[in-house]
Structure formats: C-alpha cells, structure tokens
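Only one structure is covered here, and it is reproduced in the block below.
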Amino acid sequence: MTSAGVRRRVLLLGGTGEGRVIASRLAGSADLEVVTSLAGRVRDPRWPEGEVRIGGFGGAEGLSEWLSDNDIRAVLDATHPFAARITKNAFEACVANSVPYAMYRRPPWREQLGDTWLPVRDLDHAADLLPRVGSHAFLTIGRQGVAAFDRVKDVSFLVRSIDPPSGTLPPHSHLLLARGPFDVEAEVDLMRAHGIDVVITKNSGGEQTYAKIAAARQLSIPVIVVERPPAPEAVEAFDTEAGAVDWLTAFGRGTAP
C-alpha cells in the first residue's frame, strides 16, 4: 500500500480484450483502485473486473473535470487502436491536469508472404479505391464508419459487425451480426459462399479477427487495409499487457521513473 495507506485511484480506458486482461491483473492490487471506463457503444459488452464507468465524458474538457473530481492519479489508455478521438481527449485532459498518461496498443498485423494488401489512409480512401479492386466486398470494420461506403453503387457488400452499424448501409449489402473470435476455415467458407473478391478491414491487430486475413491469403483475395491513426507524440506506450500492468503497478508503489 502507498505510504499514506491509501490506494491510488487510476483510470483505465478500456473496451478491448486487452483492457479486460489488464483490469483483471490489477483487481487485487493493494496500491491501486482501478476504474475502467467503457464507451457504452456495444449493446452487450464484456465486463472487466473491478469498478466500471459507462459512457462518454464530454470531450477533453469534461474528462479533465472528471479526472479532478475523482482524484485520478494516472490514466492508462487501452482503447481500440482506431479510437482516435478518446485518445486525443484523454491525452489533452491529462496534460491539463498534470496526470501521468500512457497507452497500451496491441501490435498491428503485418503483411506476410502470400498476402495482397492495399494500404489506405482512411475509410474514404478505401471507398474510393474499392470499385477498382473488386465487386463483392467483405466489409469488416466494426459498426462505425460503414456509412463511408454508402456512395459505392456498383459493389455488393457483406457487412459484418457485433451490433448494427451506426450509419447508412451501402445500397447493395447484406448485414451479418457476429462477434469473434473467428476461425480460418469458417472465414474461407463465408467468403466462398458470398463470392467475396475483396476484403476491407482496419489494421486493428490482435487474434480475435485475424482469421479473415489468413482466409483472404488462402483464397488469394486482396485486402484493403486502413492504416491506424497516429498516436500522440512522445507518449509512453506498451504493446504487451504485462508492460502496461508493470507501469501502473510501479506508479501505485511510487517507484515509477
């Protein structure tokens, strides 16, 4: 426990499987009181251990106020690699409050022998490129951002997400609601059944949804890969749960550099 005999209260920005692992590993800490924040965008979220807060903060200013009101001593951002807005808000709020901030980001997928990847900077870029690549697309980017493809008229879409997309679907589309993990054999069968000739995905990393990449490789299908948004500069970042846990543990014990 800390020298004052009081556990330090820290905020874990979660919503990922790795965030749940980090929360679980810190649940019995004698030095830290971990509050996990979930955005609440998934209807049936997988709950982490410990205290959980649901919903947004009202931008950087609202989060800054919340950090102060709740005596938060450090923030670990373990949100999705494409949650650029909350990352930006969290970083700005921590700077404003002089609160230590660090990030966990799962390693991105890397192109392998046999892959045909077409990197794009964002979803609009993907939508522009798509008609020149294929006519039967497997759109697997989550529920947000699907509306970027509603202007693509000459492509049929298989759209997969956990919950219904937040925007309009493309004109010719079939919606499949499913939650990973997925296996390669099932992904191959799905792509064959729908005549898929191009896959569109964000480079989210992780094992839960990698099977679509392996299936596309097996079927020699090109993959339009949306690159990750840049992280804040000069921020301590970890690509393993253990590194993130060690950072918070050292902070709780007062041994962080």
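Here's how to read the names in the structure tokens: chain A, B, ... by the order shown, residue numbers from 1 in each chain, ligand numbers from 1 in the order shown.
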Inset, instruction - Can you list, as an MDAnalysis selection string, all residues belonging to region 8-161 of chain A that DSSP tags as alpha helix (DSSP H)? - result: chainID A and resid 17:26 59:69 84:97 123:129
Got a sec: who's within 10 Å of Ala39 (chain A), counting only C-alpha atoms, leaving out chain neighbours fewer than 3 positions off, as a PDB file with N, CA and C atoms, in the first residue's frame?
ATOM      1  N   LEU A  13      -8.878   3.328 -19.529  1.00  0.00           N
ATOM      2  CA  LEU A  13      -9.782   3.484 -20.667  1.00  0.00           C
ATOM      3  C   LEU A  13      -9.792   2.166 -21.423  1.00  0.00           C
ATOM      4  N   GLY A  14     -10.915   1.452 -21.332  1.00  0.00           N
ATOM      5  CA  GLY A  14     -10.963   0.081 -21.821  1.00  0.00           C
ATOM      6  C   GLY A  14     -11.814  -0.090 -23.061  1.00  0.00           C
ATOM      7  N   GLY A  15     -12.524  -1.227 -23.102  1.00  0.00           N
ATOM      8  CA  GLY A  15     -13.336  -1.561 -24.254  1.00  0.00           C
ATOM      9  C   GLY A  15     -12.691  -2.580 -25.170  1.00  0.00           C
ATOM     10  N   VAL A  42     -21.289  -0.753 -27.421  1.00  0.00           N
ATOM     11  CA  VAL A  42     -21.681  -2.128 -27.689  1.00  0.00           C
ATOM     12  C   VAL A  42     -22.825  -2.487 -26.748  1.00  0.00           C
ATOM     13  N   PRO A  45     -21.642  -5.499 -23.704  1.00  0.00           N
ATOM     14  CA  PRO A  45     -20.187  -5.502 -23.531  1.00  0.00           C
ATOM     15  C   PRO A  45     -19.722  -6.622 -22.608  1.00  0.00           C
ATOM     16  N   ARG A  53     -17.150   2.314 -15.266  1.00  0.00           N
ATOM     17  CA  ARG A  53     -17.918   3.507 -15.608  1.00  0.00           C
ATOM     18  C   ARG A  53     -18.331   3.408 -17.064  1.00  0.00           C
ATOM     19  N   ILE A  54     -19.609   3.693 -17.370  1.00  0.00           N
ATOM     20  CA  ILE A  54     -20.127   3.588 -18.728  1.00  0.00           C
ATOM     21  C   ILE A  54     -20.463   4.974 -19.259  1.00  0.00           C
ATOM     22  N   GLY A  55     -20.080   5.235 -20.531  1.00  0.00           N
ATOM     23  CA  GLY A  55     -20.480   6.468 -21.194  1.00  0.00           C
ATOM     24  C   GLY A  55     -19.334   7.422 -21.425  1.00  0.00           C
ATOM     25  N   GLY A  56     -19.604   8.467 -22.228  1.00  0.00           N
ATOM     26  CA  GLY A  56     -18.593   9.452 -22.555  1.00  0.00           C
ATOM     27  C   GLY A  56     -18.368  10.449 -21.436  1.00  0.00           C
ATOM     28  N   PHE A  57     -17.394  11.323 -21.646  1.00  0.00           N
ATOM     29  CA  PHE A  57     -17.026  12.316 -20.638  1.00  0.00           C
ATOM     30  C   PHE A  57     -17.372  13.743 -21.053  1.00  0.00           C
ATOM     31  N   THR A  79      -7.746   1.701 -25.151  1.00  0.00           N
ATOM     32  CA  THR A  79      -8.870   1.683 -26.075  1.00  0.00           C
ATOM     33  C   THR A  79      -8.451   1.054 -27.404  1.00  0.00           C
ATOM     34  N   ILE A  86     -11.112   9.585 -28.431  1.00  0.00           N
ATOM     35  CA  ILE A  86     -10.957   9.457 -26.981  1.00  0.00           C
ATOM     36  C   ILE A  86      -9.482   9.517 -26.602  1.00  0.00           C
TER      37      ILE A  86
END
Inset, instruction - Within 9 Å of region 202-211 of chain A, counting only C-alpha atoms, which residues show up once you throw out same-chain ones fewer than 5 positions away? Write them as an MDAnalysis selection string, please. - result: chainID A and resid 80:82 105:110 122:123 140:142 179:188 216 224:228
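Of the listed residues (A:Ile162, A:Val235, A:Val146, A:Val35), A:Val235 comes nearest to Pro100 (chain A); the distances count only C-alpha atoms.
Nearest to Asp77 (chain A) of all the residues A:Leu139, A:Leu113, A:Met103, A:Ala244 is A:Met103, based on only C-alpha atoms.
The coordinates place CA of Ser37 (chain A) at 6.2 Å from CA of Leu12 (chain A).
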Inset, instruction - Return the single residue from A:Ile72, A:Val199, A:Ala127, A:Leu248 that is closest to Pro170 (chain A), with distances computed using only C-alpha atoms. - result: A:Ala127
Inset, instruction - Report the residues of region 11-246 of chain A whose backbone DSSP state falls under strand (DSSP E), written as a PyMOL selection string. - result: chain A and resi 11-13+32-38+51-54+74-77+101-104+117-120+136-140+156-161+173-177+198-202+223-226+236-238
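Closest approach to Ala23 (chain A) among A:Met191, A:Glu241, A:Arg253, A:Ala214 is made by A:Glu241 (distances from only C-alpha atoms).
From CA of Ser24 (chain A) back to CA of Pro48 (chain A), the distance works out to 6.8 Å.
Closest approach to Asn97 (chain A) among A:Gly252, A:Gly62, A:Gly114, A:Gly28 is made by A:Gly62 (distances from only C-alpha atoms).
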Inset, instruction - Skip Leu63 (chain A) itself and residues of its chain fewer than 4 positions away, then list as an NGL selection string all residues within 12 Å of it, counting only C-alpha atoms. - result: :A and (11 or 13 or 37 or 55-59 or 67-70 or 72 or 75 or 86-97 or 99)
Take the selection from the previous step and output its residues with C-alpha atoms, as a compact mmCIF listing (two decimals), in the first residue's frame.
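The result, stored in part30.txt:
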# COMPACT_ATOMS: atom_id res chain seq x y z
CA LEU A 11 -8.45 5.37 -14.80
CA LEU A 13 -9.78 3.48 -20.67
CA SER A 37 -14.25 3.31 -18.47
CA GLY A 55 -20.48 6.47 -21.19
CA GLY A 56 -18.59 9.45 -22.56
CA PHE A 57 -17.03 12.32 -20.64
CA GLY A 58 -17.99 15.29 -22.79
CA GLY A 59 -14.74 15.80 -24.64
CA LEU A 67 -10.21 13.41 -13.51
CA SER A 68 -10.02 16.26 -11.00
CA ASP A 69 -13.37 15.48 -9.33
CA ASN A 70 -12.49 11.79 -8.93
CA ILE A 72 -7.46 10.25 -10.64
CA VAL A 75 -4.54 7.22 -16.88
CA ILE A 86 -10.96 9.46 -26.98
CA THR A 87 -7.18 9.08 -27.17
CA LYS A 88 -6.79 12.73 -28.17
CA ASN A 89 -9.22 13.87 -25.46
CA ALA A 90 -7.55 11.73 -22.80
CA PHE A 91 -4.08 12.98 -23.65
CA GLU A 92 -5.19 16.63 -23.60
CA ALA A 93 -7.08 16.16 -20.31
CA CYS A 94 -4.05 14.53 -18.67
CA VAL A 95 -1.75 17.32 -19.84
CA ALA A 96 -4.18 19.92 -18.46
CA ASN A 97 -4.26 18.16 -15.08
CA VAL A 99 -1.77 13.49 -14.69
Inset, instruction - Rounded to one decimal place, report the CA of Arg7 (chain A)-CA of Glu61 (chain A) distance in Å. - result: 25.8 Å
